[in-house]
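Undergrad: Structure file data_29.csv, CSV, C-alpha atoms and all ligand atoms, is pasted below:
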chain,number,residue,atom,x,y,z
A,1134,MET,CA,64.0,93.0,51.0
A,1135,ALA,CA,63.8,95.8,48.5
A,1136,ALA,CA,62.2,95.0,45.2
A,1137,THR,CA,65.3,95.6,43.2
A,1138,SER,CA,67.6,93.5,45.3
A,1139,GLN,CA,65.0,90.7,45.4
A,1140,ALA,CA,64.9,90.8,41.6
A,1141,HIS,CA,68.7,90.7,41.6
A,1142,ALA,CA,68.7,87.7,43.9
A,1143,GLU,CA,66.3,85.9,41.7
A,1144,THR,CA,68.3,86.6,38.6
A,1145,ALA,CA,71.4,85.4,40.3
A,1146,PHE,CA,69.9,82.0,41.3
A,1147,ARG,CA,67.9,81.5,38.1
A,1148,PRO,CA,69.4,78.7,36.0
A,1149,LYS,CA,70.5,79.8,32.5
A,1150,LEU,CA,69.8,77.9,29.4
A,1151,GLY,CA,72.7,79.7,27.7
A,1152,CYS,CA,71.3,78.7,24.3
A,1153,VAL,CA,73.6,78.9,21.3
A,1154,LYS,CA,70.8,80.5,19.3
A,1155,ASP,CA,71.0,83.7,21.5
A,1156,LEU,CA,74.8,83.6,21.2
A,1157,ALA,CA,74.6,83.3,17.4
A,1158,GLU,CA,72.2,86.2,17.2
A,1159,SER,CA,74.4,88.6,19.2
A,1160,SER,CA,75.3,91.1,16.6
A,1161,ASP,CA,79.0,91.4,17.2
A,1162,LEU,CA,79.8,87.7,17.1
A,1163,THR,CA,82.7,87.1,14.6
A,1164,SER,CA,84.4,84.2,16.3
A,1165,ILE,CA,83.3,81.4,18.6
A,1166,PRO,CA,84.0,81.5,22.4
A,1167,SER,CA,86.8,79.0,23.2
A,1168,LYS,CA,84.5,76.6,24.9
A,1169,TYR,CA,83.0,75.7,21.5
A,1170,ALA,CA,86.3,75.0,19.9
A,1171,TYR,CA,86.2,71.3,18.9
A,1172,TYR,CA,89.3,69.4,18.0
A,1173,ASP,CA,89.3,66.1,16.2
A,1174,ASN,CA,92.7,64.5,15.5
A,1175,ASP,CA,91.2,62.1,13.0
A,1176,ILE,CA,92.0,62.7,9.3
A,1177,GLU,CA,88.8,64.1,7.7
A,1178,VAL,CA,87.7,62.6,4.4
A,1179,ILE,CA,84.3,63.8,3.2
A,1180,VAL,CA,82.8,62.1,0.2
A,1181,GLU,CA,79.6,62.1,-1.7
A,1182,ARG,CA,77.9,58.7,-2.0
A,1183,GLN,CA,74.4,57.6,-2.9
A,1184,ILE,CA,72.8,56.0,0.2
A,1185,PRO,CA,70.1,53.4,-0.3
A,1186,THR,CA,66.5,54.3,-0.8
A,1187,ILE,CA,63.6,52.1,0.4
A,1188,ASP,CA,60.2,52.4,-1.2
A,1189,PHE,CA,58.0,51.9,1.9
A,1190,SER,CA,54.8,51.3,-0.1
A,1191,LEU,CA,56.3,48.1,-1.4
A,1192,LEU,CA,56.4,46.6,2.1
A,1193,ASN,CA,52.6,46.3,1.9
A,1194,SER,CA,52.6,45.0,-1.6
A,1195,THR,CA,50.1,42.2,-2.3
A,1196,PHE,CA,52.6,40.8,-4.7
A,1197,PRO,CA,54.9,38.5,-2.7
A,1198,ASP,CA,57.8,39.1,-5.1
A,1199,GLN,CA,57.7,42.8,-4.5
A,1200,ARG,CA,57.8,42.4,-0.8
A,1201,ALA,CA,60.6,39.9,-1.0
A,1202,LYS,CA,62.5,42.4,-3.2
A,1203,VAL,CA,62.2,45.2,-0.7
A,1204,ILE,CA,63.1,43.0,2.2
A,1205,GLN,CA,66.3,42.1,0.3
A,1206,GLU,CA,66.9,45.8,-0.2
A,1207,LEU,CA,66.4,46.4,3.5
A,1208,ARG,CA,68.8,43.6,4.3
A,1209,GLU,CA,71.5,45.1,2.1
A,1210,ALA,CA,70.9,48.7,3.3
A,1211,CYS,CA,71.1,47.5,7.0
A,1212,LYS,CA,74.2,45.4,6.4
A,1213,GLU,CA,76.1,47.7,4.1
A,1214,TRP,CA,75.1,51.2,5.3
A,1215,GLY,CA,72.9,51.2,8.5
A,1216,PHE,CA,71.3,54.3,7.0
A,1217,PHE,CA,68.7,54.6,4.3
A,1218,LEU,CA,66.2,57.0,2.9
A,1219,VAL,CA,62.5,56.1,3.0
A,1220,ILE,CA,60.1,57.3,0.3
A,1221,ASN,CA,56.4,56.7,-0.2
A,1222,HIS,CA,55.9,56.4,3.6
A,1223,GLY,CA,52.5,57.9,3.6
A,1224,ILE,CA,53.1,60.7,6.1
A,1225,PRO,CA,51.8,63.9,4.5
A,1226,GLU,CA,54.6,66.3,3.6
A,1227,SER,CA,52.5,69.1,5.1
A,1228,LEU,CA,52.6,67.3,8.5
A,1229,MET,CA,56.4,67.0,8.3
A,1230,GLU,CA,56.7,70.7,7.5
A,1231,ARG,CA,54.4,71.6,10.3
A,1232,MET,CA,56.4,69.5,12.8
A,1233,LEU,CA,59.6,71.3,11.7
A,1234,ASP,CA,57.9,74.7,11.9
A,1235,MET,CA,56.6,73.9,15.4
A,1236,CYS,CA,60.1,73.1,16.6
A,1237,LYS,CA,61.3,76.4,15.1
A,1238,ASP,CA,58.5,78.2,17.0
A,1239,PHE,CA,59.6,76.4,20.2
A,1240,PHE,CA,63.2,77.6,19.8
A,1241,ASP,CA,62.1,81.1,18.9
A,1242,GLN,CA,60.5,81.5,22.3
A,1243,THR,CA,62.0,83.6,25.1
A,1244,GLU,CA,64.6,82.1,27.5
A,1245,GLU,CA,61.9,82.2,30.2
A,1246,GLU,CA,59.5,80.0,28.2
A,1247,LYS,CA,62.2,77.5,27.3
A,1248,LEU,CA,63.5,77.3,30.8
A,1249,LYS,CA,60.1,76.0,31.9
A,1250,CYS,CA,61.0,72.9,29.9
A,1251,SER,CA,64.6,72.6,31.1
A,1252,GLY,CA,64.0,69.4,33.0
A,1253,GLU,CA,65.7,68.4,36.2
A,1254,HIS,CA,67.6,65.3,35.2
A,1255,VAL,CA,68.5,63.4,32.1
A,1256,LEU,CA,65.4,61.2,32.3
A,1257,ALA,CA,62.9,64.1,32.6
A,1258,PRO,CA,60.1,63.6,30.1
A,1259,ILE,CA,60.5,67.1,28.7
A,1260,ARG,CA,63.9,68.7,28.5
A,1261,SER,CA,65.4,71.5,26.6
A,1262,GLY,CA,68.9,72.8,26.7
A,1263,THR,CA,72.1,73.3,24.7
A,1264,SER,CA,75.1,71.2,23.7
A,1265,PHE,CA,74.6,67.6,24.8
A,1266,ASN,CA,74.9,67.4,28.5
A,1267,ALA,CA,76.3,70.8,29.5
A,1268,SER,CA,77.3,69.5,33.0
A,1269,VAL,CA,79.7,66.9,31.5
A,1270,ASP,CA,80.6,68.3,28.0
A,1271,LYS,CA,84.3,69.3,27.9
A,1272,VAL,CA,83.5,71.2,24.7
A,1273,PHE,CA,80.2,72.8,24.0
A,1274,PHE,CA,78.4,71.8,20.8
A,1275,TRP,CA,76.8,74.4,18.5
A,1276,ARG,CA,73.3,73.0,19.1
A,1277,ASP,CA,70.2,73.7,21.1
A,1278,PHE,CA,67.7,70.8,21.7
A,1279,LEU,CA,64.3,69.8,22.9
A,1280,LYS,CA,63.7,66.2,24.0
A,1281,VAL,CA,60.2,65.0,24.7
A,1282,TRP,CA,58.9,61.5,25.6
A,1283,VAL,CA,55.9,60.9,23.4
A,1284,HIS,CA,55.1,57.2,23.9
A,1285,PRO,CA,53.7,55.2,25.7
A,1286,GLN,CA,52.9,58.3,27.7
A,1287,PHE,CA,52.5,61.4,25.5
A,1288,HIS,CA,54.2,64.6,26.8
A,1289,SER,CA,54.4,68.0,25.2
A,1290,PRO,CA,55.9,71.4,26.1
A,1291,PRO,CA,52.9,73.7,27.0
A,1292,THR,CA,53.9,76.2,24.3
A,1293,PRO,CA,54.0,77.1,21.4
A,1294,ALA,CA,50.3,76.7,20.7
A,1295,GLY,CA,49.7,73.7,18.4
A,1296,PHE,CA,52.9,71.9,19.3
A,1297,SER,CA,51.0,69.2,21.2
A,1298,GLU,CA,48.5,68.4,18.4
A,1299,ILE,CA,51.1,68.4,15.6
A,1300,SER,CA,53.6,66.3,17.6
A,1301,LEU,CA,50.9,63.8,18.7
A,1302,GLU,CA,49.9,63.2,15.1
A,1303,TYR,CA,53.4,63.2,13.7
A,1304,CYS,CA,54.7,60.8,16.3
A,1305,LYS,CA,51.8,58.5,15.8
A,1306,ARG,CA,52.5,58.3,12.1
A,1307,THR,CA,56.2,57.8,12.5
A,1308,ARG,CA,55.6,55.0,15.0
A,1309,GLN,CA,53.5,53.2,12.4
A,1310,VAL,CA,56.2,53.6,9.8
A,1311,ALA,CA,58.9,52.5,12.3
A,1312,ARG,CA,57.0,49.4,13.3
A,1313,GLU,CA,56.4,48.4,9.7
A,1314,LEU,CA,60.1,48.9,8.9
A,1315,ILE,CA,61.0,46.8,12.0
A,1316,LYS,CA,58.7,44.0,10.7
A,1317,GLY,CA,60.6,44.1,7.4
A,1318,ILE,CA,63.9,44.2,9.2
A,1319,SER,CA,62.9,41.3,11.4
A,1320,GLU,CA,62.2,39.2,8.3
A,1321,SER,CA,65.4,40.4,6.7
A,1322,LEU,CA,67.3,38.8,9.7
A,1323,GLY,CA,65.6,35.5,9.1
A,1324,LEU,CA,63.2,36.0,12.0
A,1325,GLU,CA,59.5,35.8,12.0
A,1326,GLU,CA,57.9,39.1,10.8
A,1327,HIS,CA,56.5,40.0,14.3
A,1328,TYR,CA,59.5,38.7,16.2
A,1329,ILE,CA,61.1,42.1,17.1
A,1330,ASP,CA,57.8,43.8,17.6
A,1331,LYS,CA,56.8,41.2,20.2
A,1332,ALA,CA,60.2,40.7,21.8
A,1333,MET,CA,60.7,44.4,22.3
A,1334,ASP,CA,57.0,45.1,23.3
A,1335,LEU,CA,56.6,47.7,20.6
A,1336,GLU,CA,52.9,48.2,21.4
A,1337,SER,CA,54.3,50.2,24.3
A,1338,CYS,CA,57.5,51.2,22.7
A,1339,PHE,CA,59.5,54.1,24.2
A,1340,GLN,CA,59.5,56.8,21.6
A,1341,ILE,CA,61.2,60.1,22.1
A,1342,LEU,CA,61.2,63.3,20.0
A,1343,VAL,CA,64.5,65.1,19.7
A,1344,ALA,CA,64.5,68.5,18.0
A,1345,ASN,CA,67.9,70.0,17.2
A,1346,LEU,CA,68.6,73.6,16.2
A,1347,TYR,CA,71.9,74.5,14.7
A,1348,PRO,CA,72.2,78.3,14.2
A,1349,PRO,CA,74.7,79.9,11.7
A,1350,CYS,CA,78.2,79.7,13.2
A,1351,PRO,CA,80.8,82.3,12.4
A,1352,GLN,CA,83.6,79.7,12.4
A,1353,PRO,CA,81.9,76.5,11.3
A,1354,GLU,CA,85.1,74.6,10.7
A,1355,LEU,CA,86.1,75.1,14.4
A,1356,ALA,CA,82.7,74.1,15.9
A,1357,MET,CA,80.6,70.9,16.0
A,1358,GLY,CA,76.8,70.6,16.0
A,1359,LEU,CA,76.8,67.1,17.4
A,1360,PRO,CA,79.9,65.0,17.7
A,1361,PRO,CA,80.3,61.5,16.2
A,1362,HIS,CA,77.9,59.2,18.0
A,1363,SER,CA,75.5,56.3,17.5
A,1364,ASP,CA,71.9,56.5,18.7
A,1365,TYR,CA,70.2,54.5,21.4
A,1366,GLY,CA,67.1,52.5,20.5
A,1367,LEU,CA,66.2,50.4,17.5
A,1368,LEU,CA,65.6,52.9,14.6
A,1369,THR,CA,65.8,56.7,14.4
A,1370,LEU,CA,63.6,58.5,11.8
A,1371,LEU,CA,64.8,61.9,11.0
A,1372,ILE,CA,63.5,64.9,9.0
A,1373,GLN,CA,65.3,68.2,8.5
A,1374,SER,CA,64.7,71.7,7.4
A,1375,GLN,CA,67.5,71.7,4.9
A,1376,ASN,CA,70.3,69.5,3.6
A,1377,GLY,CA,73.9,70.0,4.6
A,1378,GLY,CA,74.8,69.0,8.2
A,1379,LEU,CA,74.2,65.3,8.7
A,1380,GLN,CA,77.1,63.1,7.9
A,1381,LEU,CA,77.5,59.4,8.4
A,1382,ASN,CA,80.6,57.4,8.8
A,1383,HIS,CA,81.0,54.8,6.2
A,1384,ASN,CA,84.3,52.7,6.1
A,1385,GLY,CA,86.1,55.5,7.8
A,1386,LYS,CA,84.9,58.3,5.6
A,1387,TRP,CA,82.3,61.0,6.2
A,1388,VAL,CA,79.4,60.8,3.8
A,1389,ASN,CA,77.1,63.8,3.4
A,1390,VAL,CA,73.5,62.8,3.7
A,1391,HIS,CA,71.2,64.5,1.2
A,1392,ALA,CA,67.5,63.8,1.4
A,1393,SER,CA,64.6,65.4,-0.6
A,1394,PRO,CA,62.0,67.2,1.5
A,1395,ASN,CA,59.4,64.4,1.5
A,1396,THR,CA,62.0,61.8,2.5
A,1397,ILE,CA,62.6,60.3,5.9
A,1398,ILE,CA,66.2,59.5,6.9
A,1399,VAL,CA,66.4,56.2,8.9
A,1400,ASN,CA,69.3,54.8,10.8
A,1401,ILE,CA,70.0,51.7,12.8
A,1402,ALA,CA,70.6,52.3,16.4
A,1403,ASP,CA,72.4,50.5,19.2
A,1404,HIS,CA,69.6,48.2,20.3
A,1405,LEU,CA,69.1,46.7,16.9
A,1406,GLU,CA,72.8,46.0,16.9
A,1407,ILE,CA,72.5,44.2,20.3
A,1408,LEU,CA,69.3,42.3,19.3
A,1409,SER,CA,70.8,41.2,15.9
A,1410,ASN,CA,74.0,40.2,17.7
A,1411,GLY,CA,76.0,42.5,15.5
A,1412,LYS,CA,74.5,41.4,12.2
A,1413,TYR,CA,73.3,44.9,11.7
A,1414,LYS,CA,75.4,47.7,13.2
A,1415,SER,CA,74.5,51.1,14.5
A,1416,VAL,CA,76.2,53.7,12.5
A,1417,VAL,CA,78.3,56.6,13.8
A,1418,HIS,CA,77.1,60.0,12.5
A,1419,ARG,CA,77.5,63.7,13.3
A,1420,ALA,CA,76.0,67.1,12.6
A,1421,VAL,CA,78.3,69.8,11.2
A,1422,VAL,CA,77.4,73.5,11.1
A,1423,ASN,CA,77.5,76.2,8.6
A,1424,ASN,CA,77.8,80.0,8.6
A,1425,LYS,CA,74.7,80.8,6.4
A,1426,ALA,CA,71.5,79.4,7.7
A,1427,THR,CA,69.9,77.8,10.7
A,1428,ARG,CA,69.2,74.1,10.3
A,1429,ILE,CA,66.6,72.2,12.3
A,1430,SER,CA,66.3,68.5,12.5
A,1431,VAL,CA,63.7,66.4,14.2
A,1432,GLY,CA,64.7,62.8,15.1
A,1433,ILE,CA,62.3,60.3,16.5
A,1434,ALA,CA,64.0,57.5,18.4
A,1435,HIS,CA,62.0,54.3,18.4
A,1436,GLY,CA,63.1,51.8,21.1
A,1437,PRO,CA,61.9,48.9,23.1
A,1438,ASN,CA,59.7,49.4,26.1
A,1439,LEU,CA,61.8,51.2,28.8
A,1440,GLU,CA,61.7,48.2,31.1
A,1441,LYS,CA,62.9,45.7,28.5
A,1442,VAL,CA,66.2,44.0,29.0
A,1443,VAL,CA,67.6,43.8,25.5
A,1444,THR,CA,69.9,40.8,24.7
A,1445,PRO,CA,70.9,39.2,21.4
A,1446,ALA,CA,68.0,37.2,19.9
A,1447,THR,CA,68.5,33.5,20.9
A,1448,GLU,CA,67.6,32.6,17.3
A,1449,LEU,CA,70.7,34.5,16.1
A,1450,VAL,CA,73.1,33.1,18.6
A,1451,ASP,CA,74.7,29.7,18.9
A,1452,ASN,CA,77.5,29.2,21.3
A,1453,LYS,CA,79.8,27.5,18.7
A,1454,ASN,CA,79.7,29.8,15.7
A,1455,ASN,CA,77.8,32.9,16.9
A,1456,PRO,CA,78.4,33.4,20.6
A,1457,PRO,CA,76.5,36.4,22.1
A,1458,LEU,CA,78.5,39.6,21.7
A,1459,TYR,CA,76.6,41.8,24.1
A,1460,HIS,CA,75.4,41.6,27.7
A,1461,GLY,CA,71.8,42.1,28.3
A,1462,ILE,CA,70.9,45.6,29.7
A,1463,LYS,CA,67.6,47.3,30.6
A,1464,TYR,CA,66.8,49.9,28.0
A,1465,LYS,CA,66.2,52.5,30.7
A,1466,GLU,CA,69.6,51.9,32.3
A,1467,TYR,CA,71.3,52.2,28.8
A,1468,LEU,CA,69.5,55.5,28.2
A,1469,GLU,CA,70.6,56.9,31.5
A,1470,LEU,CA,74.2,55.8,30.9
A,1471,GLN,CA,74.2,57.4,27.4
A,1472,GLN,CA,72.7,60.7,28.6
A,1473,ASN,CA,74.8,61.1,31.7
A,1474,ASN,CA,78.1,60.8,29.9
A,1475,GLN,CA,79.9,62.6,27.2
A,1476,LEU,CA,78.6,61.8,23.7
A,1477,SER,CA,81.4,60.0,22.0
A,1478,GLY,CA,81.2,57.4,19.2
A,1479,LYS,CA,79.9,54.1,20.3
A,1480,SER,CA,81.2,54.4,23.9
A,1481,THR,CA,77.9,53.4,25.5
A,1482,LEU,CA,77.6,50.3,23.3
A,1483,ASP,CA,81.2,49.4,24.1
A,1484,ARG,CA,80.2,49.1,27.8
A,1485,VAL,CA,77.9,46.1,27.0
A,1486,ARG,CA,80.2,44.3,24.6
A,1487,ILE,CA,81.3,40.9,25.8
B,1501,LIG,O1,70.7,66.9,13.2
B,1501,LIG,C1,71.1,65.8,12.6
B,1501,LIG,O2,71.1,65.7,11.4
B,1501,LIG,C2,71.5,64.7,13.5
B,1501,LIG,C3,70.9,64.6,14.8
B,1501,LIG,C4,71.2,63.4,15.6
B,1501,LIG,O3,72.1,62.7,15.2
B,1501,LIG,C5,70.6,63.1,16.9
B,1501,LIG,O4,69.7,63.9,17.3
B,1501,LIG,O5,70.9,62.0,17.4
B,1502,FE,FE,72.0,60.8,16.3
Could I get this file's structure written as C-alpha cells?

TA:
Amino acid sequence: MAATSQAHAETAFRPKLGCVKDLAESSDLTSIPSKYAYYDNDIEVIVERQIPTIDFSLLNSTFPDQRAKVIQELREACKEWGFFLVINHGIPESLMERMLDMCKDFFDQTEEEKLKCSGEHVLAPIRSGTSFNASVDKVFFWRDFLKVWVHPQFHSPPTPAGFSEISLEYCKRTRQVARELIKGISESLGLEEHYIDKAMDLESCFQILVANLYPPCPQPELAMGLPPHSDYGLLTLLIQSQNGGLQLNHNGKWVNVHASPNTIIVNIADHLEILSNGKYKSVVHRAVVNNKATRISVGIAHGPNLEKVVTPATELVDNKNNPPLYHGIKYKEYLELQQNNQLSGKSTLDRVRI
C-alpha cells in the first residue's frame, strides 16, 4: 500500500475524541452545533443562598464540646443541604492549585496524547473523552473529562509530566479528609464513629478522580456542561478553577455554589443515601457554562470498596417504622449502570429503590 493511502486508512479508522475544547477554539464558532442544544422543560429558578460551612479542624478538637458542635453542624448540613463547604482542611492551597494546573495541562495536550487515555469501556481505570457517555448521550454536553482510578490501585495518565506525583499526593490528602468527614457523618447518624469506615471497607475505598473542562461556549444558555445528576459513592470532594458553573438543586430551585479558593466543596452521594436509608440524601447538581472563560473542576469521588454490596445500615432500619428503602447492590455494578446510561437526575438510584 502506498504511504499516503496507508496514512489515509489509519486516519479513517482512528477513533476521534472530538473534544469540545477543540471545537470551542475553532476561530469561526459563533453558534453551537445542534447536537449540543440542550432543552429542559422545567421552569428555571436560580437563587443565591449561603450553603453551610464546616470547619474541619474542629473535628479533631480536644474539646468534646467543639467536636459535638461540629457534628451537629454536619448533621444539619447533610439533612438540610447535602452540600457543604469545608474550610481548614489542612490540604495546602498550593497543592490544590497544582492539581488544577495539571488537569489543565492534560487537556491542553494534543488529540493524539489524549487518545492514549481514551479507555476501552466505562470501567477502564483511565478514561478521557467528551460529554458524558458519547455512545448513549442524546445531547452532547459542553464538557471534556478525564477519569482516573486512584485507589486502592493508583493509576495515572503517562503525561503531562508531574501529573502522577501531584495526583498521588492530592488524592492521598483528600482521602484522609473524606474519611475524617465520614467518621463525623457516622456519628451524626447516631452510629459509632468508625461504623461507615468499617462497613464500607474504606481502608481500600474506591477513589476516582474526575477532571472536567468546560471551555467558553458561544451560546451558554443553549448548552449544558453537565446535566442534573447525583453522584455515585459516599462523598464527593470538589475543587474548581473559578466560581460560576456549579449549581445544586435545593427545594426545586437552582443555587449557585460559590467557594473561596482554599475551600473544598463536598456533596453527599448516592451510597450515603442508601447506607443511611434515606436519612441523608444525595443532591442533584449540574454544571452550566459561560461564554467568557474556561472552567476546570476536579471532583474526587470517595466510595466503598468496589466489591462491597451496599445496603441500608441495619441500625437505621426497623421493619415497623423505618423499613429498608433500597435494595442492596454491589458498588461496581452500580457504577457500571450509572456510566453505561444517560446521566439523568437520580435515575440510577431510582433503580434500587424498594
Ligand atoms: O464541574 C462541576 O462543578 C461539577 C462536576 C460534577 O458534578 C461531576 O463531575 O460529577
Ligand atoms: Fe457530580

Undergrad: Output the neighbourhood of ligand LIG 1501 (chain B) as a VMD selection string, that is, all protein and nucleic acid residues with some atom at most 6 Å from the ligand, counting only C-alpha atoms and all ligand atoms.

TA: chain A and resid 1343 1345 1364 1378 to 1379 1419 to 1420 1430 1432

Undergrad: If we count only C-alpha atoms, what is near A:Lys1414 at a cut-off of 10 Å, once residues fewer than 3 positions away on the same chain are taken out, given as number ranges by chain?

TA: A: 1211-1216, 1363, 1400-1407, 1409-1411, 1417

Undergrad: Pick out the closest residue to A:Ile1462 from this set: A:Val1443, A:Ile1259, A:Val1178, A:Leu1367. Count only C-alpha atoms.

TA: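 Result for the nearest residue to A:Ile1462: A:Val1443.
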
Undergrad: What is the atom CA of A:Ser1415 to atom CA of A:Arg1182 distance in Å?

TA: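 Between these atoms lies a distance of 18.5 Å.
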
Undergrad: Using only C-alpha atoms and all ligand atoms for the distances, tell me which of A:Gln1352, A:Asn1438, A:Gln1380, A:Ser1164 is nearest to ligand FE 1502 (chain B).

TA: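 Looking at the shortest contact to ligand FE 1502 (chain B), the residue is A:Gln1380.
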
Undergrad: Quote the spacing between atom CA of A:Lys1247 and atom CA of A:Ser1227 in Å to one decimal place.

TA: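 Those two atoms sit 25.6 Å apart.
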
Undergrad: Out of A:Pro1166, A:Gly1223, A:Gly1358, A:Pro1349, which residue has the shortest atom-to-atom distance to ligand FE 1502 (chain B) when counting only C-alpha atoms and all ligand atoms?

TA: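 Result for the nearest residue to ligand FE 1502 (chain B): A:Gly1358.
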
Undergrad: Leaving out A:Pro1258 and any residue of its chain fewer than 3 positions from it, which residues lie within 7 Å of it when counting only C-alpha atoms, given as an NGL selection string?

TA: :A and (1281-1282 or 1288)

Undergrad: Name the residues in contact with stretch 1477-1479 of chain A at a cut-off of 12 Å, using all atoms listed in the file, excluding same-chain residues fewer than 3 positions from it; report them as a PyMOL selection string.

TA: chain A and resi 1173+1265-1266+1269-1272+1359-1365+1381-1382+1402-1404+1406+1414-1419+1471-1474+1482-1486

Undergrad: Pick out the residues sitting within 10 Å of A:Pro1291, and hand them over as number ranges by chain; count only C-alpha atoms, and ignore anything fewer than 4 positions along from it in its own chain.

TA: A: 1239, 1246, 1249-1250, 1295-1297

Undergrad: I need the residue nearest ligand FE 1502 (chain B) from this list: A:Ile1187, A:Val1399, A:Ile1318, A:Leu1470. Use only C-alpha atoms and all ligand atoms for the distance.

TA: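 Nearest to ligand FE 1502 (chain B): A:Val1399.
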
Undergrad: Using all atoms listed in the file, pick whichever of A:Thr1369, A:Ser1160, A:Ser1167, A:Ser1190 has the shortest atom-to-atom distance to ligand FE 1502 (chain B).

TA: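 Looking at the shortest contact to ligand FE 1502 (chain B), the residue is A:Thr1369.
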
Undergrad: Between atom CA of A:Lys1154 and atom CA of A:Ile1176, what is the distance in Å, rounded to a tenth?

TA: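 Answer for the atom CA of A:Lys1154 to atom CA of A:Ile1176 separation: 29.4 Å.
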
Undergrad: Determine, counting all atoms listed in the file, which protein, DNA and RNA residues have an atom within 10 Å of an atom of A:Cys1338; residues of the same chain fewer than 3 positions away are not included. Present the result as a ChimeraX atom specification.

TA: /A:1283-1286,1308,1312,1330,1333-1335,1341,1366,1435-1441

Undergrad: Using all atoms listed in the file, which of the listed residues (A:Ile1397, A:Ala1170, A:Val1431, A:Cys1350) sits closest to A:Ile1220?

TA: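 Ranked by minimum distance to A:Ile1220, first place goes to A:Ile1397.
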
Undergrad: May I have the protein, DNA and RNA residues with an atom at most 12 Å from (65.8, 42.6, 3.7), counting all atoms listed in the file in the file's coordinates, returned as a count of residues only?

TA: 30
